[in-house]
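Q: Got a structure for you, start-v2.cif, holding mmCIF, C-alpha atoms.
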data_structure
#
loop_
_atom_site.label_atom_id
_atom_site.label_comp_id
_atom_site.auth_asym_id
_atom_site.auth_seq_id
_atom_site.Cartn_x
_atom_site.Cartn_y
_atom_site.Cartn_z
CA MET A 1 -34.89 -62.90 24.16
CA ILE A 2 -32.34 -63.87 26.83
CA SER A 3 -30.44 -67.08 26.14
CA ARG A 4 -30.81 -69.95 28.59
CA GLY A 5 -28.58 -69.53 31.61
CA CYS A 6 -27.51 -66.03 30.56
CA GLY A 7 -28.37 -62.70 32.15
CA GLY A 8 -28.42 -64.23 35.62
CA LEU A 9 -31.20 -66.68 34.75
CA PRO A 10 -30.91 -70.17 36.30
CA LEU A 11 -31.02 -73.26 34.16
CA SER A 12 -34.09 -75.46 34.54
CA SER A 13 -33.02 -78.24 32.18
CA TYR A 14 -30.01 -80.29 31.22
CA ASP A 15 -29.31 -78.26 28.10
CA THR A 16 -26.95 -75.31 28.32
CA PHE A 17 -26.44 -72.43 25.90
CA GLY A 18 -25.34 -73.65 22.48
CA GLY A 19 -26.06 -73.44 18.80
CA HIS A 20 -28.83 -75.99 18.35
CA SER A 21 -30.47 -75.24 21.70
CA LYS A 22 -30.49 -71.52 20.88
CA ILE A 23 -32.17 -72.13 17.51
CA ASP A 24 -34.79 -74.35 19.12
CA ASP A 25 -35.31 -71.76 21.86
CA ILE A 26 -36.04 -69.11 19.24
CA HIS A 27 -38.61 -71.43 17.72
CA ALA A 28 -40.20 -72.04 21.13
CA ALA A 29 -40.35 -68.30 21.81
CA VAL A 30 -41.87 -67.54 18.40
CA CYS A 31 -44.48 -70.28 18.86
CA ALA A 32 -45.34 -68.93 22.33
CA VAL A 33 -45.89 -65.44 20.89
CA ARG A 34 -48.02 -66.88 18.07
CA ASP A 35 -50.17 -68.86 20.52
CA ARG A 36 -50.71 -65.81 22.71
CA TYR A 37 -51.34 -63.37 19.85
CA PRO A 38 -52.71 -65.55 17.02
CA ASN A 39 -54.03 -62.60 15.00
CA ASN A 40 -50.84 -60.56 15.04
CA LYS A 41 -47.91 -60.62 12.65
CA ILE A 42 -44.53 -61.66 14.05
CA PHE A 43 -41.28 -59.99 13.03
CA LEU A 44 -37.81 -61.21 13.95
CA LEU A 45 -34.91 -58.85 14.59
CA GLY A 46 -31.50 -60.32 15.40
CA PHE A 47 -28.23 -58.64 16.34
CA SER A 48 -24.69 -60.02 16.04
CA LEU A 49 -24.63 -63.67 17.20
CA GLY A 50 -28.40 -63.44 17.67
CA GLY A 51 -28.62 -62.50 14.01
CA ALA A 52 -26.68 -65.62 13.02
CA PHE A 53 -28.98 -67.84 15.05
CA SER A 54 -32.00 -66.02 13.64
CA LEU A 55 -30.82 -66.88 10.13
CA LYS A 56 -30.33 -70.51 11.14
CA TYR A 57 -33.85 -70.51 12.61
CA LEU A 58 -35.38 -69.09 9.43
CA ALA A 59 -33.61 -71.74 7.34
CA LYS A 60 -34.62 -74.59 9.65
CA TYR A 61 -38.18 -73.79 10.71
CA ASN A 62 -39.69 -70.84 8.89
CA VAL A 63 -39.55 -72.49 5.47
CA THR A 64 -43.05 -73.46 4.29
CA ASP A 65 -46.42 -71.91 3.77
CA ALA A 66 -48.49 -72.08 6.95
CA THR A 67 -51.57 -72.96 4.85
CA ASP A 68 -49.86 -75.99 3.29
CA SER A 69 -51.42 -78.95 5.07
CA SER A 70 -48.87 -81.36 3.64
CA SER A 71 -45.95 -79.63 5.39
CA PRO A 72 -44.94 -80.30 9.00
CA ILE A 73 -46.59 -77.78 11.31
CA GLU A 74 -43.25 -77.10 13.03
CA ASN A 75 -41.91 -75.81 9.71
CA ALA A 76 -44.79 -73.42 9.04
CA ALA A 77 -43.80 -69.84 8.25
CA ILE A 78 -44.72 -68.18 11.55
CA VAL A 79 -42.46 -65.15 11.08
CA THR A 80 -43.75 -62.63 8.54
CA ALA A 81 -40.43 -60.86 7.93
CA ALA A 82 -37.00 -60.59 9.53
CA MET A 83 -33.93 -58.39 9.73
CA CYS A 84 -30.45 -59.21 11.01
CA VAL A 85 -27.75 -56.67 11.86
CA SER A 86 -24.02 -57.50 11.88
CA PRO A 87 -24.34 -61.30 12.04
CA PRO A 88 -21.31 -63.57 11.64
CA TRP A 89 -21.91 -65.59 8.48
CA ASP A 90 -18.99 -68.00 8.64
CA PHE A 91 -17.47 -68.89 12.01
CA HIS A 92 -14.26 -69.98 10.32
CA LYS A 93 -13.58 -66.43 9.09
CA ALA A 94 -12.37 -63.68 11.41
CA THR A 95 -11.34 -60.04 11.23
CA PRO A 96 -7.75 -58.96 12.06
CA VAL A 97 -8.85 -57.63 15.48
CA PHE A 98 -11.16 -60.50 16.37
CA PRO A 99 -8.49 -62.21 18.56
CA ILE A 100 -8.96 -59.37 21.06
CA TRP A 101 -12.71 -60.02 21.20
CA ASN A 102 -12.00 -63.75 21.30
CA PHE A 103 -9.84 -63.19 24.39
CA LEU A 104 -12.36 -60.94 26.16
CA LEU A 105 -15.26 -63.34 25.61
CA ALA A 106 -13.45 -66.15 27.42
CA PHE A 107 -13.95 -64.64 30.87
CA PRO A 108 -17.78 -64.37 30.94
CA LEU A 109 -18.00 -67.81 29.32
CA LYS A 110 -15.89 -69.28 32.13
CA GLN A 111 -18.26 -67.75 34.66
CA TYR A 112 -21.25 -69.13 32.78
CA PHE A 113 -19.76 -72.60 32.62
CA LEU A 114 -18.71 -72.78 36.27
CA ARG A 115 -22.01 -71.37 37.50
CA HIS A 116 -24.06 -74.01 35.69
CA PHE A 117 -21.51 -76.79 36.11
CA LEU A 118 -21.32 -76.44 39.89
CA TRP A 119 -24.76 -75.13 40.84
CA PRO A 120 -27.91 -77.30 40.94
CA LEU A 121 -30.75 -76.89 38.49
CA ASN A 122 -33.55 -74.52 39.35
CA THR A 123 -36.65 -76.42 40.51
CA SER A 124 -38.85 -73.56 41.70
CA THR A 125 -42.55 -74.23 41.02
CA THR A 126 -45.98 -72.73 41.54
CA ASN A 127 -48.16 -75.75 42.46
CA ASN A 128 -47.82 -79.31 43.75
CA GLU A 129 -48.51 -81.07 40.44
CA GLU A 130 -46.11 -78.86 38.58
CA SER A 131 -43.60 -79.24 41.41
CA GLU A 132 -43.64 -83.03 41.19
CA GLN A 133 -43.17 -82.98 37.41
CA LYS A 134 -40.39 -80.46 37.62
CA ILE A 135 -38.55 -82.29 40.38
CA THR A 136 -38.76 -85.54 38.41
CA SER A 137 -37.43 -83.78 35.34
CA ALA A 138 -34.66 -82.19 37.40
CA MET A 139 -33.68 -85.58 38.84
CA ASN A 140 -33.39 -87.07 35.36
CA ALA A 141 -31.40 -84.05 34.23
CA SER A 142 -29.15 -84.38 37.29
CA GLU A 143 -28.32 -87.96 36.37
CA LYS A 144 -27.35 -86.86 32.88
CA ARG A 145 -25.38 -83.97 34.35
CA ASN A 146 -23.49 -86.29 36.72
CA GLU A 147 -22.53 -88.57 33.83
CA ARG A 148 -21.39 -85.60 31.79
CA ASN A 149 -19.47 -84.09 34.71
CA LYS A 150 -17.59 -87.36 35.34
CA LYS A 151 -16.59 -87.42 31.69
CA PHE A 152 -15.56 -83.79 31.88
CA LEU A 153 -13.46 -84.22 35.03
CA SER A 154 -11.70 -87.30 33.67
CA SER A 155 -10.90 -85.85 30.24
CA VAL A 156 -10.69 -82.07 30.70
CA GLY A 157 -10.84 -80.83 34.29
CA ILE A 158 -11.59 -77.45 35.84
CA TRP A 159 -7.96 -76.30 35.69
CA ARG A 160 -7.74 -76.48 31.88
CA VAL A 161 -10.94 -74.44 31.62
CA MET A 162 -9.51 -71.79 33.93
CA MET A 163 -6.30 -71.64 31.87
CA ALA A 164 -8.09 -71.19 28.54
CA MET A 165 -7.27 -67.78 27.11
CA SER A 166 -9.88 -67.47 24.36
CA LEU A 167 -13.40 -68.41 23.38
CA SER A 168 -12.01 -70.76 20.74
CA GLN A 169 -9.93 -72.65 23.31
CA LEU A 170 -12.97 -73.06 25.54
CA ASP A 171 -15.03 -74.35 22.63
CA GLU A 172 -12.34 -76.92 21.83
CA LEU A 173 -12.42 -78.14 25.44
CA LEU A 174 -16.15 -78.13 26.08
CA TYR A 175 -18.09 -78.95 22.93
CA PRO A 176 -16.79 -82.51 22.52
CA ILE A 177 -18.07 -83.09 26.08
CA PHE A 178 -21.34 -81.17 26.03
CA ASP A 179 -22.49 -81.96 22.51
CA GLU A 180 -21.38 -85.34 21.23
CA SER A 181 -23.04 -84.79 17.86
CA TYR A 182 -19.91 -82.96 16.71
CA GLN A 183 -16.59 -84.73 16.24
CA SER A 184 -14.67 -81.50 16.69
CA VAL A 185 -15.19 -77.82 17.33
CA LYS A 186 -14.50 -77.20 13.63
CA CYS A 187 -17.50 -79.36 12.78
CA TYR A 188 -19.57 -77.33 15.25
CA TYR A 189 -18.45 -74.02 13.72
CA THR A 190 -19.29 -75.31 10.25
CA ALA A 191 -22.75 -76.52 11.29
CA MET A 192 -23.56 -73.22 12.99
CA SER A 193 -22.45 -70.98 10.10
CA PRO A 194 -25.55 -69.37 8.49
CA VAL A 195 -23.84 -69.13 5.10
CA LEU A 196 -24.39 -72.86 4.57
CA ASP A 197 -28.17 -72.46 4.83
CA SER A 198 -28.67 -69.03 3.30
CA HIS A 199 -30.20 -70.59 0.17
CA LYS A 200 -33.03 -72.04 2.28
CA ILE A 201 -34.36 -68.71 3.57
CA ASN A 202 -37.77 -68.00 2.06
CA THR A 203 -38.92 -65.47 4.64
CA PRO A 204 -38.50 -61.82 3.50
CA THR A 205 -35.23 -61.01 5.27
CA ILE A 206 -32.76 -58.11 5.14
CA VAL A 207 -29.24 -58.60 6.48
CA VAL A 208 -26.92 -55.63 7.03
CA ASN A 209 -23.16 -56.01 7.43
CA ALA A 210 -20.52 -53.29 7.56
CA ILE A 211 -17.22 -53.78 5.75
CA ASP A 212 -15.40 -52.08 8.64
CA ASP A 213 -16.99 -54.38 11.25
CA PRO A 214 -14.14 -55.26 13.66
CA VAL A 215 -15.91 -58.30 15.13
CA CYS A 216 -17.84 -60.17 12.43
CA CYS A 217 -16.10 -60.70 9.10
CA HIS A 218 -18.20 -59.43 6.21
CA THR A 219 -16.43 -61.69 3.69
CA GLY A 220 -18.29 -64.68 5.08
CA ALA A 221 -21.58 -63.42 3.65
CA PRO A 222 -22.93 -65.17 0.54
CA ASP A 223 -22.02 -63.34 -2.67
CA ASN A 224 -23.29 -65.77 -5.28
CA PRO A 225 -26.98 -65.19 -6.14
CA ASP A 226 -27.46 -68.96 -6.13
CA ASP A 227 -26.55 -68.94 -2.42
CA LEU A 228 -29.36 -66.52 -1.55
CA GLY A 229 -32.78 -67.86 -0.68
CA PRO A 230 -35.85 -66.34 -2.40
CA GLY A 231 -36.51 -64.05 0.54
CA LEU A 232 -32.95 -63.06 1.45
CA ALA A 233 -31.20 -59.76 0.64
CA VAL A 234 -27.73 -58.93 1.94
CA ILE A 235 -26.68 -55.29 2.27
CA LYS A 236 -23.04 -54.30 2.81
CA THR A 237 -22.13 -50.79 3.87
CA ARG A 238 -18.67 -49.28 3.81
CA PHE A 239 -18.98 -47.96 7.36
CA GLY A 240 -21.05 -48.90 10.38
CA GLY A 241 -18.79 -50.92 12.63
CA HIS A 242 -20.33 -53.67 14.71
CA LEU A 243 -23.99 -52.80 15.41
CA GLY A 244 -23.17 -49.07 15.30
CA PHE A 245 -24.39 -47.69 11.95
CA PRO A 246 -24.55 -44.03 13.08
CA GLU A 247 -25.76 -41.33 10.70
CA GLY A 248 -25.12 -37.61 10.47
CA LEU A 249 -22.13 -35.46 11.37
CA LEU A 250 -23.00 -35.80 15.06
CA PRO A 251 -24.29 -39.36 15.37
CA LEU A 252 -26.16 -38.87 18.63
CA LYS A 253 -29.48 -40.28 17.45
CA ASP A 254 -30.57 -43.86 16.89
CA ALA A 255 -28.72 -45.99 14.38
CA TRP A 256 -30.03 -45.84 10.82
CA THR A 257 -30.55 -49.62 10.98
CA ASP A 258 -33.25 -48.99 13.61
CA ARG A 259 -35.09 -46.76 11.15
CA LEU A 260 -34.50 -49.28 8.38
CA ALA A 261 -36.02 -52.05 10.49
CA LEU A 262 -39.19 -50.04 11.13
CA GLU A 263 -39.52 -49.09 7.47
CA TRP A 264 -38.94 -52.70 6.42
CA PHE A 265 -41.48 -54.20 8.80
CA ASN A 266 -44.05 -51.53 7.94
CA GLN A 267 -44.10 -52.91 4.39
CA PHE A 268 -45.99 -55.92 5.74
#
Written as structure tokens, that's how I'd like the structure from this file.
A:
Amino acid sequence: MISRGCGGLPLSSYDTFGGHSKIDDIHAAVCAVRDRYPNNKIFLLGFSLGGAFSLKYLAKYNVTDATDSSSPIENAAIVTAAMCVSPPWDFHKATPVFPIWNFLLAFPLKQYFLRHFLWPLNTSTTNNEESEQKITSAMNASEKRNERNKKFLSSVGIWRVMMAMSLSQLDELLYPIFDESYQSVKCYYTAMSPVLDSHKINTPTIVVNAIDDPVCCHTGAPDNPDDLGPGLAVIKTRFGGHLGFPEGLLPLKDAWTDRLALEWFNQF
């Protein structure tokens, strides 16, 4: 799944890439797959930041029995099983070398922000009725965008965004403007940390973290059994790096986590 506005995709709504929108987008994608293939099982596989958002999704939506008529349908357990590889558990914890990654991530995020801040929304359509609805929606979104942009220009400005030297600095500048539900970027990081919701995960889920991961700090993972949901198992390996997990003396084949994922999903 490609996040909204990423991978060269234009935005077609007011919402940009962010924690809550990403979690809701996962839910929309899972529901679309279920509606198209109602007789098939659905498995969720998340990597790195996608793994963190997958865990947040499982805790928020995939929490009840689909046959339970008393539960909200949006919370029905659509996903049969899940696996996450190298997710960040706690966004307040970082590895010693993470500042390098933090610095490198700032540049593509600046491009993302400027592209969607300055460019109009995509309103391409396939028929007249759909065109009218989409244009109306785009006009409403444009009004919201104009209000947001005025607030941004008066309080932050383009220059401060261009001078930001890390992902964290950009978050501090942008999130109070783009998501007013958080009083600070620290509140946002706390809300988006999967470790706070790990006890809510009922879906059979394996999470693999490497102790030598240079990007995502393994110490953020829940260690107390009371913090693990009924379906959650956390595996820590001594080696593996970030998403690497090679095996053999000449690790030229697929990562062993790929094989683990297939073996895990085949159990269902």
Q: I would like the residues chosen by the PyMOL selection byres ((chain A and resi 230) around 7) on the shown file; could you give them as JSON, numbers by chain?
A: {"A": [201, 202, 228, 229, 231, 232]}
Q: One decimal, in Å: what's the spacing between CA of Ser198 (chain A) and CA of Pro87 (chain A)?
A: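 About the pair CA of Ser198 (chain A) and CA of Pro87 (chain A): they are 12.4 Å apart.
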Q: For the structure provided, state which residues fall under the PyMOL selection byres ((chain A and resi 53) around 8), and present them as a ChimeraX atom specification.
A: /A:19,22-23,46,49-52,54-57,192,194
Q: Create the file for the chosen residues now, containing C-alpha atoms and written as a CSV table (one decimal), in the coordinates of the input.
A:
chain,number,residue,atom,x,y,z
A,19,GLY,CA,-26.1,-73.4,18.8
A,22,LYS,CA,-30.5,-71.5,20.9
A,23,ILE,CA,-32.2,-72.1,17.5
A,46,GLY,CA,-31.5,-60.3,15.4
A,49,LEU,CA,-24.6,-63.7,17.2
A,50,GLY,CA,-28.4,-63.4,17.7
A,51,GLY,CA,-28.6,-62.5,14.0
A,52,ALA,CA,-26.7,-65.6,13.0
A,54,SER,CA,-32.0,-66.0,13.6
A,55,LEU,CA,-30.8,-66.9,10.1
A,56,LYS,CA,-30.3,-70.5,11.1
A,57,TYR,CA,-33.8,-70.5,12.6
A,192,MET,CA,-23.6,-73.2,13.0
A,194,PRO,CA,-25.6,-69.4,8.5
Q: Determine the residue set returned by the PyMOL selection byres ((chain A and resi 78) around 8) for the present structure, and present it as a PyMOL selection string.
A: chain A and resi 30-31+34+42+62+66+76-77+79-80
Q: Can you pull out every residue within 7 Å of region 81-86 of chain A, counting all atoms listed in the file, but drop anything in the same chain fewer than 2 positions away, and send it as JSON, numbers by chain?
A: {"A": [43, 44, 45, 46, 47, 48, 51, 79, 88, 203, 204, 205, 206, 207, 208, 209, 210, 216, 242, 243, 261, 265]}
Q: What does the distance between CA of Glu263 (chain A) and CA of Val234 (chain A) come to in Å, to one decimal place?
A: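 A separation of 16.3 Å between them.
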Q: Let me know the centre plus edge lengths, in Å and rounded to one decimal, of a box with edges along x, y and z that contains all listed atoms of region 30-36 of chain A and is padded by 5 Å on every side, as AutoDock Vina command-line options.
A:
--center_x -46.3 --center_y -67.9 --center_z 20.4 --size_x 18.8 --size_y 14.8 --size_z 14.6
Q: Quote the spacing between CA of Leu170 (chain A) and CA of Asn102 (chain A) in Å to one decimal place.
A: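 Computing it gives 10.3 Å between the two atoms.
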Q: Taking all atoms listed in the file into account, which of A:Lys93, A:Glu172, A:Lys41, A:Met163 comes nearest Ser184 (chain A)?
A: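 Ranking A:Lys93, A:Glu172, A:Lys41, A:Met163 by distance to Ser184 (chain A), first place goes to A:Glu172.
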Q: Fewer than 6 positions away in the same chain doesn't count, so skip those; otherwise give me all residues within 12 Å of Leu104 (chain A), counting only C-alpha atoms, as an mmCIF file with C-alpha atoms, in the coordinates of the input.
A:
data_model
loop_
_atom_site.group_PDB
_atom_site.id
_atom_site.type_symbol
_atom_site.label_atom_id
_atom_site.label_comp_id
_atom_site.auth_asym_id
_atom_site.auth_seq_id
_atom_site.Cartn_x
_atom_site.Cartn_y
_atom_site.Cartn_z
ATOM 1 C CA VAL A 97 -8.850 -57.630 15.480
ATOM 2 C CA PHE A 98 -11.160 -60.500 16.370
ATOM 3 C CA LYS A 110 -15.890 -69.280 32.130
ATOM 4 C CA ALA A 164 -8.090 -71.190 28.540
ATOM 5 C CA MET A 165 -7.270 -67.780 27.110
ATOM 6 C CA SER A 166 -9.880 -67.470 24.360
ATOM 7 C CA LEU A 167 -13.400 -68.410 23.380
ATOM 8 C CA SER A 168 -12.010 -70.760 20.740
ATOM 9 C CA VAL A 215 -15.910 -58.300 15.130
#
